[in-house]
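Novice: What follows is the file upload_14.txt, containing compact mmCIF, C-alpha atoms and all ligand atoms:
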# COMPACT_ATOMS: atom_id res chain seq x y z
CA MET W 1 85.75 6.06 192.73
CA PRO W 2 86.55 2.65 191.38
CA LYS W 3 83.81 0.23 192.29
CA SER W 4 85.30 -3.13 191.59
CA PRO W 5 87.94 -5.29 193.22
CA SER W 6 91.41 -4.96 191.78
CA ASP W 7 91.45 -8.40 190.22
CA THR W 8 88.28 -8.04 188.12
CA SER W 9 90.36 -7.43 185.02
CA ASP W 10 92.10 -10.81 185.44
CA ASN W 11 88.84 -12.60 185.13
CA PRO W 12 86.75 -11.13 182.32
CA VAL W 13 83.26 -12.44 181.71
CA LEU W 14 84.06 -13.34 178.13
CA PRO W 15 87.36 -13.43 176.25
CA LEU W 16 87.60 -9.91 174.90
CA TYR W 17 88.62 -10.83 171.36
CA THR W 18 86.13 -13.64 170.80
CA GLN W 19 83.13 -11.76 172.18
CA SER W 20 80.21 -12.46 169.85
CA ALA W 21 77.60 -10.04 171.15
CA PHE W 22 77.14 -6.86 173.15
CA PHE W 23 75.38 -7.07 176.52
CA PRO W 24 71.57 -6.79 176.59
CA TRP W 25 71.75 -3.37 178.29
CA GLN W 26 73.96 -2.01 175.50
CA VAL W 27 71.44 -2.23 172.62
CA SER W 28 70.79 1.48 172.27
CA VAL W 29 74.43 2.55 172.66
CA TRP W 30 75.44 -0.14 170.15
CA ASN W 31 72.92 1.12 167.62
CA LYS W 32 73.99 4.71 168.18
CA LEU W 33 77.69 3.92 167.83
CA PHE W 34 77.71 1.18 165.24
CA THR W 35 74.41 0.29 163.52
CA GLN W 36 73.65 3.87 162.56
CA HIS W 37 77.23 4.44 161.54
CA VAL W 38 77.45 1.56 159.05
CA LEU W 39 73.93 1.64 157.56
CA PRO W 40 74.08 2.63 153.86
CA ALA W 41 72.21 5.89 154.50
CA ASN W 42 75.06 7.06 156.74
CA LYS W 43 78.00 5.97 154.62
CA ASN W 44 79.87 9.26 154.95
CA ASP W 45 82.28 7.70 157.45
CA ASN W 46 81.75 10.24 160.17
CA PHE W 47 82.81 8.05 163.07
CA PRO W 48 84.53 10.23 165.70
CA HIS W 49 88.32 9.97 165.63
CA ALA W 50 88.38 9.74 169.43
CA LEU W 51 85.73 8.21 171.63
CA LEU W 52 85.64 8.24 175.43
CA LEU W 53 83.48 5.52 177.00
CA ALA W 54 82.85 6.51 180.62
CA GLY W 55 81.01 4.74 183.41
CA ILE W 56 81.57 2.76 186.61
CA ALA W 57 83.58 -0.47 186.55
CA GLY W 58 81.75 -3.71 185.86
CA ILE W 59 79.16 -2.59 183.31
CA GLY W 60 80.95 -3.96 180.23
CA LYS W 61 82.83 -0.95 178.81
CA LYS W 62 85.83 -3.02 177.79
CA GLN W 63 83.73 -5.70 176.11
CA LEU W 64 81.77 -3.01 174.26
CA ALA W 65 84.98 -1.33 173.09
CA PHE W 66 86.48 -4.58 171.75
CA TYR W 67 83.24 -5.58 170.02
CA LEU W 68 83.00 -2.12 168.50
CA ALA W 69 86.61 -2.41 167.30
CA LYS W 70 85.80 -5.78 165.73
CA GLY W 71 82.78 -4.25 164.01
CA LEU W 72 84.74 -1.26 162.70
CA LEU W 73 87.44 -3.55 161.30
CA CYS W 74 85.01 -6.19 159.90
CA GLN W 75 85.01 -6.44 156.10
CA SER W 76 81.31 -7.24 155.78
CA PRO W 77 79.17 -6.29 158.80
CA GLU W 78 75.77 -8.00 158.76
CA GLN W 79 72.36 -6.63 159.60
CA ASN W 80 70.01 -8.76 161.68
CA PRO W 81 66.75 -8.74 159.65
CA HIS W 82 64.63 -9.02 162.82
CA SER W 83 66.22 -6.55 165.21
CA GLY W 84 67.77 -4.26 162.57
CA GLU W 85 71.07 -4.23 164.45
CA VAL W 86 74.28 -4.43 162.42
CA GLU W 87 77.11 -6.55 163.87
CA PRO W 88 80.50 -7.92 162.80
CA CYS W 89 80.15 -11.00 160.58
CA GLN W 90 82.55 -13.11 162.72
CA SER W 91 83.73 -14.99 159.60
CA CYS W 92 85.69 -12.62 157.33
CA ARG W 93 89.50 -12.63 157.42
CA SER W 94 89.51 -9.54 159.63
CA CYS W 95 87.05 -11.05 162.16
CA GLN W 96 89.06 -14.29 162.23
CA LEU W 97 92.27 -12.42 163.00
CA PHE W 98 90.46 -10.37 165.60
CA ASN W 99 89.09 -13.52 167.27
CA SER W 100 92.59 -14.97 167.46
CA GLY W 101 93.82 -11.82 169.21
CA SER W 102 96.28 -10.96 166.44
CA HIS W 103 94.60 -8.32 164.27
CA PRO W 104 97.38 -6.10 162.92
CA ASP W 105 95.14 -3.00 162.86
CA LEU W 106 94.20 -3.17 166.54
CA TYR W 107 96.43 -1.72 169.25
CA HIS W 108 95.49 -2.28 172.88
CA ILE W 109 97.17 -0.40 175.70
CA THR W 110 96.61 -1.12 179.37
CA ILE W 111 98.64 -0.96 182.61
CA PRO W 112 101.70 -3.26 182.31
CA GLU W 113 101.67 -6.09 184.88
CA ASP W 114 104.65 -4.76 186.81
CA LYS W 115 103.40 -1.14 186.90
CA LYS W 116 100.58 0.90 188.39
CA ILE W 117 100.30 3.41 185.53
CA ILE W 118 100.41 3.50 181.72
CA PRO W 119 103.96 4.75 181.00
CA VAL W 120 104.66 7.55 178.54
CA ASP W 121 106.85 5.20 176.46
CA ASP W 122 103.83 3.00 175.75
CA ILE W 123 101.92 6.04 174.45
CA ARG W 124 104.91 7.07 172.31
CA ALA W 125 105.02 3.57 170.80
CA LEU W 126 101.33 3.73 169.90
CA ILE W 127 101.79 7.16 168.29
CA GLN W 128 104.50 5.69 166.05
CA TRP W 129 102.18 2.78 165.21
CA SER W 130 99.26 5.11 164.46
CA VAL W 131 101.01 6.70 161.46
CA LEU W 132 101.74 3.34 159.75
CA SER W 133 99.39 2.18 156.97
CA SER W 134 96.52 -0.12 157.77
CA GLN W 135 97.15 -3.79 156.86
CA PHE W 136 93.58 -4.18 155.59
CA GLU W 137 93.37 -0.82 153.85
CA GLY W 138 90.66 0.13 156.29
CA LYS W 139 90.53 1.63 159.73
CA LYS W 140 93.00 1.22 162.59
CA ILE W 141 91.74 1.06 166.12
CA ILE W 142 93.51 1.97 169.36
CA ILE W 143 92.00 1.02 172.73
CA ILE W 144 93.45 2.64 175.86
CA GLU W 145 92.16 1.46 179.22
CA PRO W 146 91.89 2.64 181.89
CA ALA W 147 92.59 6.10 180.47
CA GLU W 148 92.93 7.57 183.98
CA ALA W 149 96.03 5.39 184.43
CA MET W 150 97.97 7.66 182.05
CA ASN W 151 100.10 10.07 184.07
CA SER W 152 100.44 13.67 182.95
CA ASN W 153 103.43 12.90 180.67
CA ALA W 154 101.54 10.10 178.95
CA SER W 155 98.37 12.22 178.67
CA ASN W 156 100.24 15.17 177.18
CA SER W 157 101.94 12.89 174.74
CA LEU W 158 98.59 11.50 173.57
CA LEU W 159 97.09 14.98 173.38
CA LYS W 160 99.02 15.84 170.22
CA THR W 161 97.61 12.81 168.40
CA LEU W 162 94.11 13.74 169.55
CA GLU W 163 94.63 17.29 168.27
CA GLU W 164 95.98 16.17 164.90
CA PRO W 165 94.19 12.87 164.23
CA VAL W 166 95.65 10.46 161.70
CA ALA W 167 93.05 9.73 159.00
CA GLY W 168 91.37 6.35 159.48
CA THR W 169 92.72 5.85 163.01
CA ILE W 170 90.14 5.71 165.78
CA ILE W 171 91.14 6.01 169.44
CA ILE W 172 88.79 4.54 172.04
CA LEU W 173 89.53 5.56 175.62
CA LEU W 174 87.82 3.86 178.56
CA THR W 175 87.49 5.36 182.00
CA ASN W 176 85.89 4.62 185.36
CA LYS W 177 86.83 8.12 186.55
CA LYS W 178 86.14 10.68 183.84
CA GLN W 179 86.95 13.61 186.15
CA ALA W 180 90.46 12.23 186.73
CA LEU W 181 91.34 12.80 183.04
CA LEU W 182 92.91 16.03 181.81
CA ALA W 183 90.16 18.42 180.69
CA THR W 184 92.04 18.81 177.39
CA ILE W 185 91.84 15.03 176.78
CA ARG W 186 88.10 15.00 177.54
CA SER W 187 87.38 17.96 175.30
CA ARG W 188 89.03 16.29 172.29
CA CYS W 189 86.96 13.11 172.54
CA GLN W 190 83.32 12.41 171.91
CA THR W 191 82.18 11.22 175.34
CA ILE W 192 79.61 8.48 175.75
CA ASP W 193 78.43 8.19 179.36
CA LEU W 194 77.38 4.60 179.97
CA ALA W 195 74.71 4.42 182.66
CA LEU W 196 74.07 1.54 185.03
CA PRO W 197 71.86 -1.11 183.42
CA GLU W 198 68.21 -1.21 184.36
CA LYS W 199 67.85 -3.40 187.49
CA LEU W 200 65.51 -5.99 185.96
CA LEU W 201 67.69 -6.48 182.89
CA ALA W 202 70.85 -6.75 184.99
CA THR W 203 69.24 -9.27 187.39
CA GLN W 204 68.00 -11.45 184.52
CA TRP W 205 71.41 -11.46 182.86
CA LEU W 206 73.16 -12.22 186.14
CA GLU W 207 70.77 -15.07 187.02
CA GLN W 208 71.42 -16.66 183.62
CA SER W 209 75.19 -16.23 183.93
CA LEU W 210 75.24 -17.73 187.44
CA MET W 211 73.11 -20.66 186.27
CA SER W 212 75.42 -21.38 183.34
CA GLU W 213 78.35 -21.51 185.81
CA GLY W 214 76.37 -23.78 188.20
CA ASN W 215 76.68 -21.05 190.84
CA LYS W 216 73.86 -20.78 193.38
CA ALA W 217 74.80 -17.34 194.71
CA LYS W 218 71.92 -14.86 194.95
CA ALA W 219 71.78 -12.45 192.03
CA GLN W 220 69.97 -9.73 193.95
CA LEU W 221 72.51 -9.61 196.78
CA LEU W 222 75.47 -9.71 194.39
CA LEU W 223 74.04 -6.91 192.28
CA SER W 224 73.43 -4.82 195.36
CA LEU W 225 77.01 -5.39 196.62
CA ALA W 226 78.28 -4.39 193.19
CA SER W 227 76.28 -1.11 193.19
CA GLY W 228 74.26 -2.44 190.25
CA ALA W 229 77.22 -3.31 187.97
CA PRO W 230 76.45 -6.80 186.56
CA LEU W 231 79.96 -7.91 185.53
CA PHE W 232 81.38 -6.89 188.87
CA ALA W 233 78.48 -8.79 190.54
CA LEU W 234 79.34 -11.93 188.57
CA ASP W 235 82.99 -11.55 189.51
CA LEU W 236 82.04 -11.29 193.20
CA SER W 237 80.35 -14.70 192.96
CA ARG W 238 83.64 -16.35 191.99
CA GLY W 239 86.51 -17.57 194.15
CA ASP W 240 86.77 -16.27 197.71
CA GLN W 241 85.52 -12.77 197.10
CA LEU W 242 82.44 -13.02 199.32
CA LYS W 243 84.53 -14.62 202.09
CA VAL W 244 86.96 -11.72 201.84
CA ARG W 245 84.05 -9.32 202.27
CA HIS W 246 82.69 -11.16 205.31
CA THR W 247 86.14 -11.19 206.91
CA ILE W 248 86.62 -7.45 206.45
CA LEU W 249 83.10 -6.54 207.59
CA ASP W 250 83.40 -8.82 210.64
CA HIS W 251 86.67 -7.10 211.59
CA LEU W 252 84.97 -3.72 211.33
CA PHE W 253 82.12 -4.85 213.61
CA SER W 254 84.63 -6.30 216.12
CA ILE W 255 86.56 -3.03 216.25
CA ILE W 256 83.48 -0.88 216.78
CA ASN W 257 82.27 -3.29 219.50
CA ASP W 258 85.63 -2.95 221.29
CA SER W 259 86.29 -6.66 221.06
CA ILE W 260 89.58 -6.24 219.20
CA ASP W 261 92.33 -3.66 218.86
CA PRO W 262 92.34 -1.83 215.48
CA VAL W 263 96.17 -1.87 215.39
CA ARG W 264 96.16 -5.67 215.60
CA ILE W 265 93.58 -5.95 212.81
CA ALA W 266 95.59 -3.51 210.66
CA GLU W 267 98.67 -5.67 211.09
CA SER W 268 96.77 -8.88 210.35
CA LEU W 269 95.16 -7.44 207.19
CA PHE W 270 98.52 -6.07 206.06
CA LYS W 271 100.06 -9.54 206.41
CA GLN W 272 97.25 -11.00 204.32
CA THR W 273 97.82 -8.46 201.53
CA LYS W 274 101.51 -9.42 201.54
CA LEU W 275 100.50 -13.06 201.15
CA LYS W 276 98.42 -12.19 198.09
CA GLN W 277 101.36 -10.36 196.53
CA THR W 278 103.65 -13.34 197.20
CA LYS W 279 101.16 -15.72 195.63
CA ALA W 280 100.83 -13.48 192.57
CA ARG W 281 104.60 -13.77 192.03
CA GLN W 282 104.66 -17.57 192.38
CA THR W 283 104.57 -19.88 189.38
CA LYS W 284 101.62 -22.24 188.92
CA ALA W 285 103.84 -25.18 190.02
CA GLN W 286 104.84 -23.37 193.23
CA GLN W 287 101.18 -22.57 193.92
CA ALA W 288 100.16 -26.20 193.34
CA LYS W 289 102.77 -27.41 195.86
CA ASN W 290 101.23 -25.24 198.54
CA THR W 291 98.21 -27.27 199.68
CA LYS W 292 97.13 -24.83 202.40
CA LYS W 293 94.82 -22.21 201.00
CA PRO W 294 94.83 -19.07 203.14
CA LEU W 295 92.33 -16.33 202.34
CA LEU W 296 94.01 -13.87 199.99
CA ILE W 297 93.07 -10.25 200.50
CA SER W 298 94.29 -7.30 198.44
CA THR W 299 94.88 -3.78 199.72
CA TYR W 300 92.14 -2.69 197.37
CA ASP W 301 89.69 -5.20 198.92
CA VAL W 302 90.22 -3.68 202.37
CA ILE W 303 89.63 -0.13 201.13
CA TYR W 304 86.71 -1.13 198.92
CA TRP W 305 84.71 -3.06 201.56
CA MET W 306 85.43 -0.46 204.20
CA ASP W 307 84.13 2.16 201.77
CA SER W 308 81.08 0.04 201.04
CA MET W 309 80.16 -0.35 204.74
CA VAL W 310 80.94 3.25 205.73
CA SER W 311 78.90 4.58 202.77
CA ASP W 312 75.95 2.41 203.83
CA LEU W 313 76.19 3.71 207.40
CA ALA W 314 76.26 7.31 206.17
CA ARG W 315 73.12 6.66 204.12
CA LEU W 316 71.32 4.97 207.02
CA ALA W 317 72.30 7.76 209.42
CA GLN W 318 70.63 10.15 206.96
CA ASN W 319 67.43 8.08 207.07
CA CYS W 320 67.86 6.33 203.74
CA THR W 321 66.04 3.04 203.29
CA HIS W 322 66.96 -0.61 202.69
CA ASP W 323 66.86 -0.08 198.88
CA THR W 324 69.65 2.48 198.95
CA ILE W 325 72.34 0.45 200.73
CA ASN W 326 74.73 -2.09 199.21
CA ASN W 327 75.22 -4.59 202.06
CA ILE W 328 71.54 -5.55 202.21
CA ASP W 329 72.28 -8.84 204.04
CA TYR W 330 73.72 -6.80 206.96
CA TYR W 331 70.81 -4.32 206.97
CA ASP W 332 69.59 -4.91 210.56
CA ASP W 333 73.10 -4.79 212.06
CA LEU W 334 74.00 -1.69 210.06
CA GLN W 335 70.76 0.06 210.98
CA LEU W 336 71.44 -0.49 214.71
CA LEU W 337 75.07 0.52 214.33
CA SER W 338 74.25 3.75 212.49
CA ASN W 339 72.50 5.07 215.63
CA ARG W 340 75.69 4.58 217.65
CA LEU W 341 77.94 6.63 215.34
CA HIS W 342 78.65 10.31 214.73
CA LEU W 343 77.50 11.15 211.21
CA ARG W 344 80.09 13.93 210.92
CA LYS W 345 82.93 11.53 211.74
CA ILE W 346 81.55 8.90 209.35
CA LEU W 347 81.54 11.47 206.54
CA GLN W 348 85.11 12.52 207.40
CA LEU W 349 86.19 8.88 207.33
CA SER W 350 84.49 8.46 203.97
CA ASP W 351 86.65 11.30 202.59
CA LEU W 352 89.80 9.62 203.94
CA ILE W 353 88.81 6.31 202.34
CA ASN W 354 88.30 8.07 199.00
CA LYS W 355 91.81 9.52 199.30
CA ALA W 356 93.15 6.05 200.17
CA TYR W 357 92.12 4.74 196.72
CA TYR W 358 94.67 7.15 195.22
CA GLU W 359 97.29 6.70 197.94
CA ILE W 360 97.52 2.93 197.39
CA GLN W 361 98.48 3.59 193.77
CA GLY W 362 101.67 5.20 195.07
CA SER W 363 104.26 4.14 197.62
CA VAL W 364 102.30 4.70 200.84
CA ASN W 365 102.99 2.60 203.97
CA ILE W 366 100.01 0.24 203.77
CA ASN W 367 100.22 -1.01 207.36
CA LEU W 368 100.14 2.58 208.64
CA LEU W 369 97.31 3.49 206.26
CA PHE W 370 95.19 0.58 207.57
CA GLU W 371 96.04 1.56 211.16
CA ASN W 372 94.96 5.17 210.67
CA LEU W 373 91.72 4.24 208.92
CA LEU W 374 90.78 1.61 211.50
CA ILE W 375 91.55 3.88 214.47
CA ASP W 376 89.43 6.61 212.84
CA TRP W 377 86.71 4.01 212.34
CA LYS W 378 86.76 3.13 216.05
CA ASN W 379 86.55 6.84 216.90
CA CYS W 380 83.32 7.24 214.93
CA LYS W 381 81.48 5.89 217.96
CA LYS W 382 79.37 8.34 219.98
ZN ZN R 401 83.77 -9.74 159.64
Take the structure in the file and give it back as structure tokens.
Ligand SMILES: [Zn+2]
Specialist:
Amino acid sequence: MPKSPSDTSDNPVLPLYTQSAFFPWQVSVWNKLFTQHVLPANKNDNFPHALLLAGIAGIGKKQLAFYLAKGLLCQSPEQNPHSGEVEPCQSCRSCQLFNSGSHPDLYHITIPEDKKIIPVDDIRALIQWSVLSSQFEGKKIIIIEPAEAMNSNASNSLLKTLEEPVAGTIIILLTNKKQALLATIRSRCQTIDLALPEKLLATQWLEQSLMSEGNKAKAQLLLSLASGAPLFALDLSRGDQLKVRHTILDHLFSIINDSIDPVRIAESLFKQTKLKQTKARQTKAQQAKNTKKPLLISTYDVIYWMDSMVSDLARLAQNCTHDTINNIDYYDDLQLLSNRLHLRKILQLSDLINKAYYEIQGSVNINLLFENLLIDWKNCKK
């Protein structure tokens, strides 16, 4: 399941093209993918023609992919004499073009703003591009993310290129949901499973990042809410994201305590998601005119935080401890609540929430979806 709010991608930690380092938890994967590949002893150019970087959202897959692309295109990668790591030089013509976001040998495909999937036409366009000659007489790099956003037409179209790779062209696919990809796509790529960073390393990085932004949010809580994914944790510290979480969790407590009707909450949340969509369509000038700042909630936020709370309750009902839940600041309330709920119904609701992640990608009636989930939530009570 995706484990990051829908707007994470609008707010990357670092500009993707100008990134000048990999994250501290990526040292070994960097050395495996790049340092060992470019060292003179390995100069037989055996880099895989298709790479699949898999792992949960918010651990830096996209940043790693772009930095790797910069390194593969760099004309004179440099080795750090102390650490031994080889990295892009940042100063050659290729690195300069990369940093400006206009390298002619890089092709980046993602979900178009007005769509929910990567259309087959976009894949066809990249296939045409892949057979052209490189501008720098070197490699050409294609980055496709998130790969699970390709529908079956787009996937099948890409499959041919994966089966008959064009010499010198490297395709890097990124996915949060490896199992959602066609087995035939997976089998034609070299898969690198990126694990969650070690807790201490992630906390240190997050504390430093929060400090540099003058943000006093607590790293440990953020990291826990983000299931250990540091970039997602940093994103949660920004804007109204924690307020959104509190609002949704408070609604869930009110429903289970019978102090409010789930249908009313569903309607109210639905209206707030509409507001967010309206704001997204407004120009900056229109937004500036509007001095009132209502809390903007996305459909994804509702599903995500409901999932987060229900998963915690399922863990607590199965006698898991404080360390294993995400909403650690609500631990006492959740612990008490877990005794008042049917575990079987909680697990059934969890399945429905997991389905909802896919349903909201389509044309489902969101108000009705919220209503059904919230009524089921209320019925979890013993
Ligand atoms: Zn360079």
Novice: At most 12 Å from (94.1, 19.5, 181.2), file frame, only C-alpha atoms: which residues, as a list in words?
Specialist: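 Checking each residue against the 12 Å limit leaves Asn151, Ser152, Asn153, Ser155, Asn156, Leu158, Leu159, Gln179, Ala180, Leu181, Leu182, Ala183, Thr184, Ile185, Arg186, Ser187 and Arg188 of chain W.
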Novice: Residues within 6 Å of ligand ZN 401 (chain R) should be enumerated using only C-alpha atoms and all ligand atoms and returned as number ranges by chain.
Specialist: W: 74-77, 88-92, 94-95
Novice: Using C-alpha atoms, can you export the residues from the last selection as a short mmCIF file (atom, residue, chain, number, x, y, z; two decimals), in the coordinates of the input?
Specialist:
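As a result, selection01.cif now contains:
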data_model
loop_
_atom_site.label_atom_id
_atom_site.label_comp_id
_atom_site.auth_asym_id
_atom_site.auth_seq_id
_atom_site.Cartn_x
_atom_site.Cartn_y
_atom_site.Cartn_z
CA CYS W 74 85.01 -6.19 159.90
CA GLN W 75 85.01 -6.44 156.10
CA SER W 76 81.31 -7.24 155.78
CA PRO W 77 79.17 -6.29 158.80
CA PRO W 88 80.50 -7.92 162.80
CA CYS W 89 80.15 -11.00 160.58
CA GLN W 90 82.55 -13.11 162.72
CA SER W 91 83.73 -14.99 159.60
CA CYS W 92 85.69 -12.62 157.33
CA SER W 94 89.51 -9.54 159.63
CA CYS W 95 87.05 -11.05 162.16
#
Novice: Which is closest to Tyr357 (chain W) among W:Thr161, W:Thr299, W:Gln19, W:Thr203, if we use all atoms listed in the file?
Specialist: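 With all atoms listed in the file as the atom set, the closest residue is W:Thr299.
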Novice: Excluding same-chain residues fewer than 6 positions from Ile303 (chain W), what lies within 12 Å of it counting all atoms listed in the file, as a ChimeraX atom specification?
Specialist: /W:1-6,244-245,248-249,252,266,269-270,273,297,309-311,349-360,366,369-370,373-374
Novice: With distances taken over only C-alpha atoms, which residue among W:Ile375, W:Val86, W:Val131, W:Leu221 lies nearest Lys32 (chain W)?
Specialist: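 Closest to Lys32 (chain W) of all the choices is W:Val86.
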Novice: Using all atoms listed in the file, give me every residue within 9 Å of (86.0, 0.5, 177.2) in file coordinates, as a PyMOL selection string.
Specialist: chain W and resi 52-54+60-66+143-146+172-175
Novice: Find the residues near region 102-117 of chain W: any atom within 10 Å, counting all atoms listed in the file, skip ones fewer than 3 places away on the same chain, and give them as number ranges by chain.
Specialist: W: 17, 66, 69-70, 73, 93-99, 120, 122-123, 126, 129-130, 132-151, 154, 169-173, 360-362
Novice: Looking at W:Asn379, W:Asn372, W:Val364, W:His37, which one is nearest to Arg344 (chain W), with distances taken over all atoms listed in the file?
Specialist: W:Asn379
Novice: Go ahead and compute the interatomic distance for CA of Trp305 (chain W) and CA of His251 (chain W), in Å to one decimal.
Specialist: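 It comes out at 11.0 Å.
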Novice: Hey, can you check how far CA of Asp307 (chain W) sits from CA of Gln26 (chain W)?
Specialist: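 The value is 28.5 Å.
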Novice: Identify which of the residues W:Pro230, W:Pro119, W:Gly101, W:Pro262 lies closest to Ser209 (chain W), counting all atoms listed in the file when measuring atom-to-atom distances.
Specialist: W:Pro230
Novice: Take CA of Ala125 (chain W) and CA of Lys160 (chain W) and report the distance between them in Å, one decimal.
Specialist: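 Interatomic distance here is 13.7 Å.
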Novice: So that I can look at just that part, could you write region 173-186 of chain W with N, CA and C atoms, as an mmCIF file, in the first residue's frame?
Specialist:
data_model
loop_
_atom_site.group_PDB
_atom_site.id
_atom_site.type_symbol
_atom_site.label_atom_id
_atom_site.label_comp_id
_atom_site.auth_asym_id
_atom_site.auth_seq_id
_atom_site.Cartn_x
_atom_site.Cartn_y
_atom_site.Cartn_z
ATOM 1 N N LEU W 173 12.947 1.974 -13.474
ATOM 2 C CA LEU W 173 11.545 2.021 -13.036
ATOM 3 C C LEU W 173 11.515 2.152 -11.516
ATOM 4 N N LEU W 174 10.599 2.951 -11.006
ATOM 5 C CA LEU W 174 10.455 3.086 -9.553
ATOM 6 C C LEU W 174 9.070 2.608 -9.161
ATOM 7 N N THR W 175 8.993 1.898 -8.046
ATOM 8 C CA THR W 175 7.666 1.459 -7.601
ATOM 9 C C THR W 175 7.556 1.401 -6.082
ATOM 10 N N ASN W 176 6.368 1.809 -5.592
ATOM 11 C CA ASN W 176 6.026 1.625 -4.178
ATOM 12 C C ASN W 176 5.306 0.299 -4.000
ATOM 13 N N LYS W 177 4.833 -0.280 -5.118
ATOM 14 C CA LYS W 177 4.002 -1.490 -5.039
ATOM 15 C C LYS W 177 4.470 -2.476 -6.095
ATOM 16 N N LYS W 178 5.568 -3.172 -5.784
ATOM 17 C CA LYS W 178 6.177 -4.077 -6.759
ATOM 18 C C LYS W 178 5.184 -5.124 -7.253
ATOM 19 N N GLN W 179 4.348 -5.624 -6.338
ATOM 20 C CA GLN W 179 3.426 -6.708 -6.704
ATOM 21 C C GLN W 179 2.345 -6.242 -7.684
ATOM 22 N N ALA W 180 2.155 -4.910 -7.779
ATOM 23 C CA ALA W 180 1.118 -4.397 -8.692
ATOM 24 C C ALA W 180 1.624 -4.366 -10.138
ATOM 25 N N LEU W 181 2.927 -4.619 -10.347
ATOM 26 C CA LEU W 181 3.472 -4.602 -11.718
ATOM 27 C C LEU W 181 3.246 -5.950 -12.390
ATOM 28 N N LEU W 182 3.157 -5.943 -13.711
ATOM 29 C CA LEU W 182 3.054 -7.209 -14.439
ATOM 30 C C LEU W 182 4.274 -8.062 -14.125
ATOM 31 N N ALA W 183 4.061 -9.358 -13.916
ATOM 32 C CA ALA W 183 5.181 -10.257 -13.606
ATOM 33 C C ALA W 183 6.217 -10.202 -14.724
ATOM 34 N N THR W 184 5.750 -10.041 -15.963
ATOM 35 C CA THR W 184 6.663 -10.000 -17.112
ATOM 36 C C THR W 184 7.540 -8.738 -17.082
ATOM 37 N N ILE W 185 7.025 -7.650 -16.550
ATOM 38 C CA ILE W 185 7.837 -6.425 -16.408
ATOM 39 C C ILE W 185 8.909 -6.686 -15.339
ATOM 40 N N ARG W 186 8.465 -7.234 -14.204
ATOM 41 C CA ARG W 186 9.412 -7.481 -13.095
ATOM 42 C C ARG W 186 10.536 -8.412 -13.523
#
